[in-house]
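coords-v4.cif, holding mmCIF, C-alpha atoms:
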data_start
#
loop_
_atom_site.label_atom_id
_atom_site.label_comp_id
_atom_site.auth_asym_id
_atom_site.auth_seq_id
_atom_site.Cartn_x
_atom_site.Cartn_y
_atom_site.Cartn_z
CA MET A 222 94.67 231.34 121.05
CA ASN A 223 97.13 229.27 123.06
CA PHE A 224 100.14 227.39 121.68
CA ASN A 225 103.15 225.57 123.05
CA LEU A 226 106.36 225.60 121.04
CA ASP A 227 106.89 221.89 121.72
CA SER A 228 103.78 221.02 119.73
CA ILE A 229 104.32 223.35 116.76
CA PRO A 230 105.84 221.44 113.84
CA SER A 231 109.06 222.86 112.43
CA LYS A 232 109.20 223.92 108.75
CA GLU A 233 112.42 224.31 106.75
CA ILE A 234 111.64 227.70 105.20
CA MET A 235 115.04 228.03 103.50
CA PRO A 236 117.91 225.52 103.43
CA GLY A 237 119.18 225.23 107.00
CA TYR A 238 116.49 227.52 108.45
CA HIS A 239 113.95 225.57 110.51
CA ALA A 240 111.08 227.64 111.93
CA LYS A 241 108.22 227.21 114.33
CA LEU A 242 105.70 229.84 113.37
CA VAL A 243 102.63 231.49 114.86
CA HIS A 244 100.60 233.86 112.72
CA ALA A 245 98.23 236.19 114.53
CA GLU A 246 96.09 238.90 112.91
CA HIS A 247 98.73 241.65 112.67
CA MET A 248 101.95 239.85 113.60
CA SER A 249 103.89 236.68 112.93
CA ILE A 250 106.45 235.20 115.28
CA ALA A 251 109.13 232.74 114.16
CA PHE A 252 111.45 230.64 116.33
CA TRP A 253 114.40 229.48 114.24
CA GLU A 254 116.94 226.72 114.57
CA VAL A 255 119.64 227.58 112.04
CA GLU A 256 122.35 225.23 110.85
CA GLU A 257 125.96 226.40 110.92
CA GLY A 258 126.87 228.05 107.62
CA ALA A 259 123.28 228.49 106.44
CA VAL A 260 122.74 231.66 104.43
CA VAL A 261 119.73 233.94 103.97
CA PRO A 262 120.21 235.61 100.58
CA GLU A 263 119.67 239.35 100.26
CA HIS A 264 115.97 240.18 100.29
CA SER A 265 113.47 242.76 101.49
CA HIS A 266 109.79 242.90 102.39
CA MET A 267 107.19 245.42 103.43
CA ASN A 268 106.92 243.87 106.91
CA GLU A 269 108.78 245.48 109.77
CA GLN A 270 110.91 242.85 111.52
CA ILE A 271 112.61 242.56 114.89
CA MET A 272 115.26 239.84 115.17
CA HIS A 273 116.36 238.51 118.54
CA VAL A 274 119.44 236.32 118.80
CA LEU A 275 119.03 233.63 121.45
CA LYS A 276 122.17 231.56 120.78
CA GLY A 277 125.15 231.44 118.44
CA ARG A 278 126.89 233.97 116.22
CA PHE A 279 124.91 235.39 113.32
CA GLU A 280 126.41 237.66 110.66
CA PHE A 281 123.72 240.03 109.50
CA THR A 282 123.73 242.82 106.92
CA VAL A 283 121.02 245.50 106.82
CA ASN A 284 121.14 248.17 104.13
CA GLY A 285 124.84 247.47 103.58
CA ASN A 286 125.90 247.50 107.26
CA THR A 287 127.28 244.19 108.53
CA ASN A 288 127.43 243.18 112.17
CA ILE A 289 128.06 239.93 114.00
CA HIS A 290 125.29 239.35 116.51
CA VAL A 291 125.33 237.22 119.64
CA ALA A 292 122.87 236.19 122.36
CA ASN A 293 120.62 238.99 123.64
CA ASP A 294 121.14 241.13 120.54
CA LEU A 295 118.05 242.69 118.99
CA VAL A 296 117.95 244.18 115.50
CA VAL A 297 115.12 246.29 114.12
CA ILE A 298 114.78 245.83 110.35
CA PRO A 299 112.61 248.62 108.90
CA PRO A 300 110.05 247.88 106.19
CA HIS A 301 111.72 247.43 102.77
CA ALA A 302 115.28 247.36 104.21
CA VAL A 303 117.54 245.03 102.21
CA HIS A 304 119.00 242.37 104.49
CA SER A 305 120.90 239.10 104.41
CA GLY A 306 122.52 236.79 106.93
CA LYS A 307 124.80 233.88 107.64
CA ALA A 308 124.97 231.60 110.67
CA LEU A 309 128.64 231.58 111.71
CA THR A 310 127.71 228.86 114.22
CA ALA A 311 124.47 226.96 114.77
CA CYS A 312 122.02 229.62 115.96
CA LYS A 313 118.70 230.08 117.68
CA LEU A 314 116.89 233.18 116.51
CA MET A 315 113.47 234.67 117.03
CA ASP A 316 111.82 237.05 114.57
CA VAL A 317 108.65 239.06 114.86
CA PHE A 318 107.00 240.63 111.85
CA SER A 319 104.18 243.11 111.32
CA PRO A 320 102.06 242.83 109.32
CA VAL A 321 101.79 239.02 109.10
CA ARG A 322 104.58 237.40 107.05
CA GLU A 323 102.34 235.83 104.42
CA ALA A 324 105.29 234.22 102.59
CA TYR A 325 105.93 231.98 105.63
CA LYS A 326 102.38 230.66 105.83
CA MET B 55 118.85 249.77 114.85
CA ASN B 56 120.86 247.39 117.02
CA PHE B 57 120.37 246.76 120.73
CA ASN B 58 121.60 244.32 123.33
CA LEU B 59 119.33 243.40 126.20
CA ASP B 60 122.18 243.70 128.68
CA SER B 61 122.43 247.43 127.99
CA ILE B 62 118.72 248.27 128.00
CA PRO B 63 117.69 249.70 131.37
CA SER B 64 114.81 247.95 133.11
CA LYS B 65 111.65 249.91 133.97
CA GLU B 66 109.10 248.86 136.59
CA ILE B 67 105.96 249.37 134.49
CA MET B 68 103.60 248.03 137.15
CA PRO B 69 104.43 246.82 140.68
CA GLY B 70 106.58 243.71 140.30
CA TYR B 71 106.74 243.92 136.48
CA HIS B 72 110.21 244.96 135.29
CA ALA B 73 110.56 245.39 131.52
CA LYS B 74 113.29 245.96 128.99
CA LEU B 75 111.58 247.55 126.02
CA VAL B 76 112.34 248.22 122.38
CA HIS B 77 109.91 250.28 120.35
CA ALA B 78 110.17 250.06 116.57
CA GLU B 79 107.87 251.77 114.06
CA HIS B 80 105.00 249.27 114.09
CA MET B 81 105.89 246.96 116.99
CA SER B 82 107.07 247.00 120.57
CA ILE B 83 108.86 244.15 122.27
CA ALA B 84 109.04 243.75 126.06
CA PHE B 85 111.21 241.37 128.08
CA TRP B 86 109.76 241.03 131.57
CA GLU B 87 111.14 239.89 134.89
CA VAL B 88 108.09 239.39 137.08
CA GLU B 89 108.13 239.00 140.84
CA GLU B 90 106.26 236.09 142.40
CA GLY B 91 102.69 237.08 143.22
CA ALA B 92 102.71 240.22 141.07
CA VAL B 93 99.35 240.95 139.45
CA VAL B 94 98.37 242.65 136.18
CA PRO B 95 94.86 243.99 136.75
CA GLU B 96 92.20 243.45 134.09
CA HIS B 97 92.77 245.75 131.12
CA SER B 98 92.51 245.92 127.35
CA HIS B 99 94.12 247.86 124.52
CA MET B 100 93.82 248.23 120.77
CA ASN B 101 97.24 246.62 120.24
CA GLU B 102 97.41 242.98 119.27
CA GLN B 103 99.74 241.16 121.69
CA ILE B 104 101.61 237.87 121.66
CA MET B 105 102.89 236.68 125.04
CA HIS B 106 105.67 234.13 125.29
CA VAL B 107 106.45 232.48 128.63
CA LEU B 108 110.16 231.86 129.06
CA LYS B 109 110.22 230.74 132.69
CA GLY B 110 107.89 230.23 135.63
CA ARG B 111 104.15 229.69 136.02
CA PHE B 112 101.87 232.52 134.94
CA GLU B 113 98.12 232.52 135.49
CA PHE B 114 96.52 234.42 132.65
CA THR B 115 92.90 235.23 131.86
CA VAL B 116 91.78 236.36 128.39
CA ASN B 117 88.12 237.21 127.80
CA GLY B 118 87.14 235.20 130.88
CA ASN B 119 89.21 232.07 130.09
CA THR B 120 91.91 231.31 132.65
CA ASN B 121 94.96 229.14 131.97
CA ILE B 122 98.20 228.50 133.79
CA HIS B 123 101.08 228.97 131.36
CA VAL B 124 104.58 227.56 131.55
CA ALA B 125 107.82 227.82 129.54
CA ASN B 126 107.37 227.70 125.75
CA ASP B 127 103.71 228.71 125.90
CA LEU B 128 102.54 231.38 123.50
CA VAL B 129 99.26 233.27 123.84
CA VAL B 130 97.75 235.50 121.17
CA ILE B 131 95.72 238.33 122.73
CA PRO B 132 93.50 239.93 120.08
CA PRO B 133 93.01 243.70 119.96
CA HIS B 134 90.62 244.89 122.69
CA ALA B 135 90.53 241.50 124.47
CA VAL B 136 90.17 241.92 128.24
CA HIS B 137 93.07 240.24 130.02
CA SER B 138 94.72 239.97 133.43
CA GLY B 139 97.48 237.91 134.97
CA LYS B 140 99.27 236.76 138.09
CA ALA B 141 102.78 235.35 138.48
CA LEU B 142 102.35 232.14 140.49
CA THR B 143 106.15 231.97 140.65
CA ALA B 144 108.82 234.46 139.56
CA CYS B 145 108.48 234.56 135.76
CA LYS B 146 110.29 235.62 132.64
CA LEU B 147 107.90 236.69 129.91
CA MET B 148 108.25 238.29 126.50
CA ASP B 149 105.49 240.31 124.85
CA VAL B 150 105.24 241.72 121.37
CA PHE B 151 102.68 244.34 120.45
CA SER B 152 101.48 245.88 117.22
CA PRO B 153 101.01 248.74 116.80
CA VAL B 154 103.59 250.24 119.19
CA ARG B 155 102.55 250.12 122.86
CA GLU B 156 102.61 253.87 123.46
CA ALA B 157 101.65 253.49 127.13
CA TYR B 158 105.00 251.76 127.81
CA LYS B 159 107.13 254.51 126.27
#

As C-alpha coordinates, please, write out the structure in this file.
Amino acid sequence: MNFNLDSIPSKEIMPGYHAKLVHAEHMSIAFWEVEEGAVVPEHSHMNEQIMHVLKGRFEFTVNGNTNIHVANDLVVIPPHAVHSGKALTACKLMDVFSPVREAYK
Amino acid sequence: MNFNLDSIPSKEIMPGYHAKLVHAEHMSIAFWEVEEGAVVPEHSHMNEQIMHVLKGRFEFTVNGNTNIHVANDLVVIPPHAVHSGKALTACKLMDVFSPVREAYK
(Lines of atoms letter the chains of each structure in order from A and count residues from 1; the text may use other names and numbers.)
(Lines give C-alpha, C1' and ligand atoms only; values in the text may rest on other atoms or scores of the structure.)
Protein backbone atom coordinates (compact mmCIF):
# COMPACT_ATOMS: atom_id res chain seq x y z
CA MET A 1 0.00 0.00 0.00
CA ASN A 2 1.40 3.36 -1.07
CA PHE A 3 0.38 6.75 0.31
CA ASN A 4 1.58 10.32 0.08
CA LEU A 5 1.08 12.61 3.05
CA ASP A 6 -0.05 15.44 0.78
CA SER A 7 -3.13 13.46 -0.24
CA ILE A 8 -4.14 12.17 3.19
CA PRO A 9 -6.90 14.32 4.67
CA SER A 10 -6.22 15.77 8.11
CA LYS A 11 -8.57 14.92 11.01
CA GLU A 12 -8.88 16.98 14.20
CA ILE A 13 -8.68 14.09 16.68
CA MET A 14 -8.71 16.35 19.76
CA PRO A 15 -9.05 20.15 19.90
CA GLY A 16 -5.93 21.58 18.29
CA TYR A 17 -4.53 18.17 17.28
CA HIS A 18 -4.74 17.63 13.52
CA ALA A 19 -3.54 14.22 12.30
CA LYS A 20 -2.82 12.49 9.04
CA LEU A 21 -3.12 8.80 9.77
CA VAL A 22 -2.15 5.52 8.16
CA HIS A 23 -3.36 2.29 9.72
CA ALA A 24 -1.55 -0.88 8.69
CA GLU A 25 -2.21 -4.38 10.07
CA HIS A 26 -0.14 -4.13 13.26
CA MET A 27 0.80 -0.44 13.42
CA SER A 28 -0.66 3.01 13.04
CA ILE A 29 1.34 6.10 12.15
CA ALA A 30 0.13 9.64 12.87
CA PHE A 31 1.59 12.92 11.61
CA TRP A 32 0.35 15.75 13.81
CA GLU A 33 0.08 19.49 13.39
CA VAL A 34 -0.57 20.81 16.89
CA GLU A 35 -1.78 24.30 17.71
CA GLU A 36 0.09 26.32 20.34
CA GLY A 37 -1.40 25.71 23.77
CA ALA A 38 -3.34 22.59 22.77
CA VAL A 39 -3.54 20.00 25.53
CA VAL A 40 -3.79 16.20 25.49
CA PRO A 41 -5.48 15.24 28.76
CA GLU A 42 -4.05 12.41 30.83
CA HIS A 43 -4.87 9.05 29.28
CA SER A 44 -3.47 5.58 28.69
CA HIS A 45 -3.93 2.74 26.21
CA MET A 46 -2.73 -0.78 25.63
CA ASN A 47 -0.82 0.27 22.50
CA GLU A 48 2.89 0.89 22.74
CA GLN A 49 3.69 4.33 21.32
CA ILE A 50 6.81 6.07 20.06
CA MET A 51 6.57 9.86 19.76
CA HIS A 52 8.96 11.80 17.56
CA VAL A 53 9.11 15.59 17.82
CA LEU A 54 9.74 17.19 14.43
CA LYS A 55 9.24 20.86 15.35
CA GLY A 56 8.33 23.04 18.31
CA ARG A 57 8.41 22.59 22.07
CA PHE A 58 6.15 19.95 23.55
CA GLU A 59 5.67 19.43 27.30
CA PHE A 60 5.02 15.78 27.91
CA THR A 61 4.37 13.80 31.08
CA VAL A 62 4.71 10.00 31.22
CA ASN A 63 3.95 8.19 34.46
CA GLY A 64 4.42 11.42 36.41
CA ASN A 65 7.72 12.49 34.80
CA THR A 66 7.54 15.76 32.86
CA ASN A 67 9.99 16.80 30.17
CA ILE A 68 10.03 19.50 27.52
CA HIS A 69 10.80 17.95 24.16
CA VAL A 70 12.23 19.58 21.06
CA ALA A 71 13.05 18.56 17.48
CA ASN A 72 14.71 15.15 17.11
CA ASP A 73 13.48 13.93 20.51
CA LEU A 74 11.98 10.46 20.66
CA VAL A 75 9.91 9.16 23.56
CA VAL A 76 8.91 5.54 24.07
CA ILE A 77 5.57 5.29 25.88
CA PRO A 78 5.07 1.74 27.19
CA PRO A 79 1.67 0.04 26.98
CA HIS A 80 -0.71 1.35 29.68
CA ALA A 81 1.62 4.22 30.73
CA VAL A 82 -0.38 7.29 31.81
CA HIS A 83 0.60 10.29 29.68
CA SER A 84 -0.46 13.82 28.87
CA GLY A 85 0.95 16.73 26.90
CA LYS A 86 0.83 20.39 26.03
CA ALA A 87 2.15 22.21 22.97
CA LEU A 88 4.21 25.11 24.34
CA THR A 89 4.54 26.33 20.74
CA ALA A 90 2.92 25.11 17.53
CA CYS A 91 4.37 21.62 17.03
CA LYS A 92 4.84 18.93 14.44
CA LEU A 93 4.86 15.47 15.97
CA MET A 94 4.85 11.94 14.64
CA ASP A 95 3.52 8.97 16.61
CA VAL A 96 3.69 5.28 15.87
CA PHE A 97 1.52 2.78 17.69
CA SER A 98 1.38 -1.00 17.91
CA PRO A 99 -1.07 -2.59 17.78
CA VAL A 100 -3.25 -0.38 15.55
CA ARG A 101 -4.74 2.63 17.36
CA GLU A 102 -8.39 1.72 16.80
CA ALA A 103 -9.65 4.87 18.57
CA TYR A 104 -8.13 7.02 15.79
CA LYS A 105 -9.84 5.17 12.96
CA MET B 1 12.51 6.23 27.71
CA ASN B 2 13.72 9.45 26.11
CA PHE B 3 16.20 9.76 23.25
CA ASN B 4 17.46 12.46 20.95
CA LEU B 5 18.51 11.53 17.43
CA ASP B 6 21.61 13.71 17.69
CA SER B 7 23.01 11.46 20.42
CA ILE B 8 22.18 8.09 18.87
CA PRO B 9 25.23 6.64 17.11
CA SER B 10 24.77 5.69 13.47
CA LYS B 11 25.35 2.09 12.36
CA GLU B 12 26.05 1.01 8.79
CA ILE B 13 23.56 -1.88 8.63
CA MET B 14 24.21 -2.62 4.95
CA PRO B 15 26.70 -0.95 2.58
CA GLY B 16 25.56 2.66 2.18
CA TYR B 17 22.68 2.35 4.68
CA HIS B 18 23.44 4.25 7.90
CA ALA B 19 20.77 3.95 10.60
CA LYS B 20 19.97 5.49 13.95
CA LEU B 21 17.82 2.94 15.73
CA VAL B 22 15.51 2.81 18.72
CA HIS B 23 14.11 -0.53 19.80
CA ALA B 24 11.07 -0.47 22.09
CA GLU B 25 9.15 -3.51 23.34
CA HIS B 26 6.95 -4.10 20.29
CA MET B 27 8.40 -1.73 17.69
CA SER B 28 11.68 -0.58 16.21
CA ILE B 29 12.21 2.75 14.50
CA ALA B 30 15.08 3.43 12.10
CA PHE B 31 16.24 6.77 10.67
CA TRP B 32 18.35 6.14 7.59
CA GLU B 33 20.89 8.17 5.69
CA VAL B 34 21.35 6.33 2.41
CA GLU B 35 24.16 6.90 -0.05
CA GLU B 36 23.32 7.45 -3.70
CA GLY B 37 23.25 4.15 -5.57
CA ALA B 38 23.12 1.99 -2.43
CA VAL B 39 21.05 -1.17 -2.88
CA VAL B 40 18.97 -3.25 -0.47
CA PRO B 41 18.90 -6.76 -1.94
CA GLU B 42 15.61 -8.64 -2.12
CA HIS B 43 14.59 -9.91 1.32
CA SER B 44 11.59 -10.51 3.53
CA HIS B 45 10.84 -10.73 7.24
CA MET B 46 7.94 -11.48 9.55
CA ASN B 47 7.88 -7.88 10.80
CA GLU B 48 5.34 -5.49 9.35
CA GLN B 49 7.15 -2.36 8.11
CA ILE B 50 6.12 1.18 7.24
CA MET B 51 8.65 3.17 5.22
CA HIS B 52 8.51 6.95 5.10
CA VAL B 53 10.60 8.85 2.57
CA LEU B 54 11.90 12.12 3.98
CA LYS B 55 14.25 13.16 1.17
CA GLY B 56 15.54 11.93 -2.17
CA ARG B 57 14.31 9.45 -4.76
CA PHE B 58 14.10 5.81 -3.71
CA GLU B 59 13.25 2.98 -6.10
CA PHE B 60 11.40 0.33 -4.16
CA THR B 61 9.96 -3.02 -5.19
CA VAL B 62 7.38 -4.87 -3.06
CA ASN B 63 6.09 -8.25 -4.22
CA GLY B 64 7.20 -7.48 -7.78
CA ASN B 65 5.71 -3.96 -7.99
CA THR B 66 8.29 -1.21 -8.49
CA ASN B 67 7.69 2.46 -7.69
CA ILE B 68 9.92 5.49 -7.37
CA HIS B 69 9.20 7.20 -4.06
CA VAL B 70 9.84 10.80 -3.08
CA ALA B 71 9.46 12.95 0.05
CA ASN B 72 6.23 12.39 2.01
CA ASP B 73 5.62 8.97 0.50
CA LEU B 74 4.64 6.17 2.86
CA VAL B 75 4.75 2.49 1.96
CA VAL B 76 3.22 -0.30 4.04
CA ILE B 77 5.19 -3.54 3.64
CA PRO B 78 3.13 -6.47 4.95
CA PRO B 79 4.76 -9.26 6.95
CA HIS B 80 6.72 -11.65 4.69
CA ALA B 81 6.41 -9.40 1.60
CA VAL B 82 9.50 -9.67 -0.61
CA HIS B 83 11.06 -6.23 -1.07
CA SER B 84 14.20 -4.54 -2.37
CA GLY B 85 15.33 -1.00 -2.99
CA LYS B 86 17.84 1.35 -4.55
CA ALA B 87 18.64 4.96 -3.69
CA LEU B 88 18.49 6.84 -7.00
CA THR B 89 19.83 9.87 -5.11
CA ALA B 90 21.11 10.24 -1.54
CA CYS B 91 18.01 9.62 0.60
CA LYS B 92 16.67 10.08 4.09
CA LEU B 93 14.22 7.37 5.04
CA MET B 94 12.43 6.35 8.21
CA ASP B 95 11.20 2.83 8.87
CA VAL B 96 9.04 1.46 11.65
CA PHE B 97 8.75 -2.24 12.32
CA SER B 98 6.54 -4.39 14.50
CA PRO B 99 7.48 -6.61 16.16
CA VAL B 100 11.01 -5.41 17.02
CA ARG B 101 13.52 -5.85 14.18
CA GLU B 102 15.90 -8.16 16.04
CA ALA B 103 18.30 -8.38 13.09
CA TYR B 104 19.12 -4.65 13.50
CA LYS B 105 19.99 -4.90 17.20

Practice item. Take atom CA of Ala240 of chain A and atom CA of Ser228 of chain A and report the distance between them in Å, one decimal. Key: 12.6 Å

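Interatomic distance, atom CA of Thr287 of chain A against atom CA of Asn56 of chain B: 11.1 Å.
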
Excluding segment 91-102 of chain B and its own-chain neighbours fewer than 4 positions away, which residues fall within 9 Å of it when counting only C-alpha atoms? Please give them as a CSV table (one decimal) with C-alpha atoms, in the coordinates of the input.
chain,number,residue,atom,x,y,z
A,245,ALA,CA,98.2,236.2,114.5
A,246,GLU,CA,96.1,238.9,112.9
A,247,HIS,CA,98.7,241.6,112.7
A,248,MET,CA,102.0,239.8,113.6
B,68,MET,CA,103.6,248.0,137.2
B,69,PRO,CA,104.4,246.8,140.7
B,70,GLY,CA,106.6,243.7,140.3
B,71,TYR,CA,106.7,243.9,136.5
B,115,THR,CA,92.9,235.2,131.9
B,130,VAL,CA,97.8,235.5,121.2
B,131,ILE,CA,95.7,238.3,122.7
B,132,PRO,CA,93.5,239.9,120.1
B,133,PRO,CA,93.0,243.7,120.0
B,134,HIS,CA,90.6,244.9,122.7
B,135,ALA,CA,90.5,241.5,124.5
B,136,VAL,CA,90.2,241.9,128.2
B,137,HIS,CA,93.1,240.2,130.0
B,138,SER,CA,94.7,240.0,133.4
B,139,GLY,CA,97.5,237.9,135.0
B,140,LYS,CA,99.3,236.8,138.1
B,141,ALA,CA,102.8,235.4,138.5
B,142,LEU,CA,102.4,232.1,140.5
B,143,THR,CA,106.2,232.0,140.6
B,144,ALA,CA,108.8,234.5,139.6
B,150,VAL,CA,105.2,241.7,121.4
B,151,PHE,CA,102.7,244.3,120.4
B,152,SER,CA,101.5,245.9,117.2
B,153,PRO,CA,101.0,248.7,116.8
B,154,VAL,CA,103.6,250.2,119.2
B,155,ARG,CA,102.6,250.1,122.9

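Atom CA of His123 of chain B sits 26.6 Å away from atom CA of Pro63 of chain B.
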
Take chain B, superimpose it onto chain A by least squares using every C-alpha atom paired in sequence order, and output the result as a PDB file with C-alpha atoms, keeping the file's coordinate frame.
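Resulting contents of superposed.pdb:
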ATOM      1  CA  MET B  55      94.683 231.351 121.037  1.00  0.00           C
ATOM      2  CA  ASN B  56      97.144 229.266 123.039  1.00  0.00           C
ATOM      3  CA  PHE B  57     100.147 227.391 121.672  1.00  0.00           C
ATOM      4  CA  ASN B  58     103.166 225.588 123.036  1.00  0.00           C
ATOM      5  CA  LEU B  59     106.362 225.586 121.030  1.00  0.00           C
ATOM      6  CA  ASP B  60     106.905 221.899 121.714  1.00  0.00           C
ATOM      7  CA  SER B  61     103.784 221.037 119.723  1.00  0.00           C
ATOM      8  CA  ILE B  62     104.328 223.359 116.760  1.00  0.00           C
ATOM      9  CA  PRO B  63     105.838 221.453 113.837  1.00  0.00           C
ATOM     10  CA  SER B  64     109.060 222.863 112.418  1.00  0.00           C
ATOM     11  CA  LYS B  65     109.212 223.910 108.750  1.00  0.00           C
ATOM     12  CA  GLU B  66     112.420 224.305 106.745  1.00  0.00           C
ATOM     13  CA  ILE B  67     111.647 227.702 105.197  1.00  0.00           C
ATOM     14  CA  MET B  68     115.026 228.027 103.488  1.00  0.00           C
ATOM     15  CA  PRO B  69     117.915 225.525 103.427  1.00  0.00           C
ATOM     16  CA  GLY B  70     119.183 225.221 106.996  1.00  0.00           C
ATOM     17  CA  TYR B  71     116.501 227.526 108.465  1.00  0.00           C
ATOM     18  CA  HIS B  72     113.953 225.564 110.513  1.00  0.00           C
ATOM     19  CA  ALA B  73     111.093 227.637 111.943  1.00  0.00           C
ATOM     20  CA  LYS B  74     108.223 227.204 114.342  1.00  0.00           C
ATOM     21  CA  LEU B  75     105.700 229.840 113.363  1.00  0.00           C
ATOM     22  CA  VAL B  76     102.633 231.470 114.852  1.00  0.00           C
ATOM     23  CA  HIS B  77     100.613 233.854 112.730  1.00  0.00           C
ATOM     24  CA  ALA B  78      98.226 236.194 114.528  1.00  0.00           C
ATOM     25  CA  GLU B  79      96.097 238.906 112.907  1.00  0.00           C
ATOM     26  CA  HIS B  80      98.725 241.648 112.654  1.00  0.00           C
ATOM     27  CA  MET B  81     101.952 239.848 113.595  1.00  0.00           C
ATOM     28  CA  SER B  82     103.898 236.689 112.929  1.00  0.00           C
ATOM     29  CA  ILE B  83     106.448 235.206 115.278  1.00  0.00           C
ATOM     30  CA  ALA B  84     109.139 232.741 114.166  1.00  0.00           C
ATOM     31  CA  PHE B  85     111.455 230.642 116.331  1.00  0.00           C
ATOM     32  CA  TRP B  86     114.402 229.490 114.237  1.00  0.00           C
ATOM     33  CA  GLU B  87     116.940 226.719 114.571  1.00  0.00           C
ATOM     34  CA  VAL B  88     119.637 227.575 112.052  1.00  0.00           C
ATOM     35  CA  GLU B  89     122.344 225.224 110.854  1.00  0.00           C
ATOM     36  CA  GLU B  90     125.951 226.401 110.917  1.00  0.00           C
ATOM     37  CA  GLY B  91     126.876 228.054 107.629  1.00  0.00           C
ATOM     38  CA  ALA B  92     123.284 228.480 106.446  1.00  0.00           C
ATOM     39  CA  VAL B  93     122.737 231.651 104.423  1.00  0.00           C
ATOM     40  CA  VAL B  94     119.721 233.940 103.965  1.00  0.00           C
ATOM     41  CA  PRO B  95     120.221 235.607 100.587  1.00  0.00           C
ATOM     42  CA  GLU B  96     119.670 239.353 100.254  1.00  0.00           C
ATOM     43  CA  HIS B  97     115.963 240.184 100.296  1.00  0.00           C
ATOM     44  CA  SER B  98     113.469 242.761 101.498  1.00  0.00           C
ATOM     45  CA  HIS B  99     109.789 242.886 102.396  1.00  0.00           C
ATOM     46  CA  MET B 100     107.180 245.418 103.434  1.00  0.00           C
ATOM     47  CA  ASN B 101     106.921 243.869 106.913  1.00  0.00           C
ATOM     48  CA  GLU B 102     108.772 245.489 109.771  1.00  0.00           C
ATOM     49  CA  GLN B 103     110.910 242.848 111.519  1.00  0.00           C
ATOM     50  CA  ILE B 104     112.615 242.567 114.886  1.00  0.00           C
ATOM     51  CA  MET B 105     115.257 239.842 115.164  1.00  0.00           C
ATOM     52  CA  HIS B 106     116.354 238.519 118.531  1.00  0.00           C
ATOM     53  CA  VAL B 107     119.441 236.309 118.798  1.00  0.00           C
ATOM     54  CA  LEU B 108     119.031 233.634 121.445  1.00  0.00           C
ATOM     55  CA  LYS B 109     122.156 231.576 120.786  1.00  0.00           C
ATOM     56  CA  GLY B 110     125.130 231.446 118.447  1.00  0.00           C
ATOM     57  CA  ARG B 111     126.891 233.963 116.212  1.00  0.00           C
ATOM     58  CA  PHE B 112     124.907 235.391 113.314  1.00  0.00           C
ATOM     59  CA  GLU B 113     126.400 237.647 110.659  1.00  0.00           C
ATOM     60  CA  PHE B 114     123.712 240.028 109.500  1.00  0.00           C
ATOM     61  CA  THR B 115     123.729 242.816 106.929  1.00  0.00           C
ATOM     62  CA  VAL B 116     121.022 245.506 106.830  1.00  0.00           C
ATOM     63  CA  ASN B 117     121.153 248.181 104.129  1.00  0.00           C
ATOM     64  CA  GLY B 118     124.854 247.476 103.588  1.00  0.00           C
ATOM     65  CA  ASN B 119     125.892 247.499 107.279  1.00  0.00           C
ATOM     66  CA  THR B 120     127.271 244.187 108.523  1.00  0.00           C
ATOM     67  CA  ASN B 121     127.417 243.164 112.185  1.00  0.00           C
ATOM     68  CA  ILE B 122     128.067 239.920 113.993  1.00  0.00           C
ATOM     69  CA  HIS B 123     125.287 239.348 116.515  1.00  0.00           C
ATOM     70  CA  VAL B 124     125.333 237.215 119.633  1.00  0.00           C
ATOM     71  CA  ALA B 125     122.864 236.183 122.361  1.00  0.00           C
ATOM     72  CA  ASN B 126     120.616 238.994 123.636  1.00  0.00           C
ATOM     73  CA  ASP B 127     121.117 241.140 120.540  1.00  0.00           C
ATOM     74  CA  LEU B 128     118.050 242.700 118.987  1.00  0.00           C
ATOM     75  CA  VAL B 129     117.948 244.189 115.491  1.00  0.00           C
ATOM     76  CA  VAL B 130     115.114 246.296 114.109  1.00  0.00           C
ATOM     77  CA  ILE B 131     114.773 245.836 110.336  1.00  0.00           C
ATOM     78  CA  PRO B 132     112.606 248.616 108.893  1.00  0.00           C
ATOM     79  CA  PRO B 133     110.051 247.888 106.171  1.00  0.00           C
ATOM     80  CA  HIS B 134     111.723 247.418 102.770  1.00  0.00           C
ATOM     81  CA  ALA B 135     115.269 247.357 104.216  1.00  0.00           C
ATOM     82  CA  VAL B 136     117.540 245.032 102.227  1.00  0.00           C
ATOM     83  CA  HIS B 137     118.992 242.367 104.506  1.00  0.00           C
ATOM     84  CA  SER B 138     120.901 239.085 104.414  1.00  0.00           C
ATOM     85  CA  GLY B 139     122.502 236.789 106.943  1.00  0.00           C
ATOM     86  CA  LYS B 140     124.793 233.866 107.629  1.00  0.00           C
ATOM     87  CA  ALA B 141     124.967 231.596 110.675  1.00  0.00           C
ATOM     88  CA  LEU B 142     128.640 231.568 111.692  1.00  0.00           C
ATOM     89  CA  THR B 143     127.713 228.868 114.211  1.00  0.00           C
ATOM     90  CA  ALA B 144     124.462 226.957 114.757  1.00  0.00           C
ATOM     91  CA  CYS B 145     122.022 229.631 115.964  1.00  0.00           C
ATOM     92  CA  LYS B 146     118.705 230.073 117.679  1.00  0.00           C
ATOM     93  CA  LEU B 147     116.906 233.186 116.501  1.00  0.00           C
ATOM     94  CA  MET B 148     113.466 234.669 117.029  1.00  0.00           C
ATOM     95  CA  ASP B 149     111.820 237.048 114.569  1.00  0.00           C
ATOM     96  CA  VAL B 150     108.648 239.053 114.857  1.00  0.00           C
ATOM     97  CA  PHE B 151     107.000 240.636 111.851  1.00  0.00           C
ATOM     98  CA  SER B 152     104.188 243.101 111.339  1.00  0.00           C
ATOM     99  CA  PRO B 153     102.066 242.830 109.339  1.00  0.00           C
ATOM    100  CA  VAL B 154     101.797 239.023 109.102  1.00  0.00           C
ATOM    101  CA  ARG B 155     104.585 237.402 107.062  1.00  0.00           C
ATOM    102  CA  GLU B 156     102.347 235.828 104.427  1.00  0.00           C
ATOM    103  CA  ALA B 157     105.291 234.230 102.608  1.00  0.00           C
ATOM    104  CA  TYR B 158     105.925 231.980 105.644  1.00  0.00           C
ATOM    105  CA  LYS B 159     102.363 230.659 105.846  1.00  0.00           C
TER     106      LYS B 159
END

Review point. Can you list what the PyMOL selection byres ((chain A) within 6 of (chain B)) grabs from this structure, as an MDAnalysis selection string?
Key: chainID A and resid 222:226 293:297

Practice item. Using all atoms listed in the file, collect all residues at a distance of at most 6 Å from (114.6, 234.3, 113.7) as written in the file, then present them as a VMD selection string. Key: chain A and resid 251 to 253 272 314 to 316
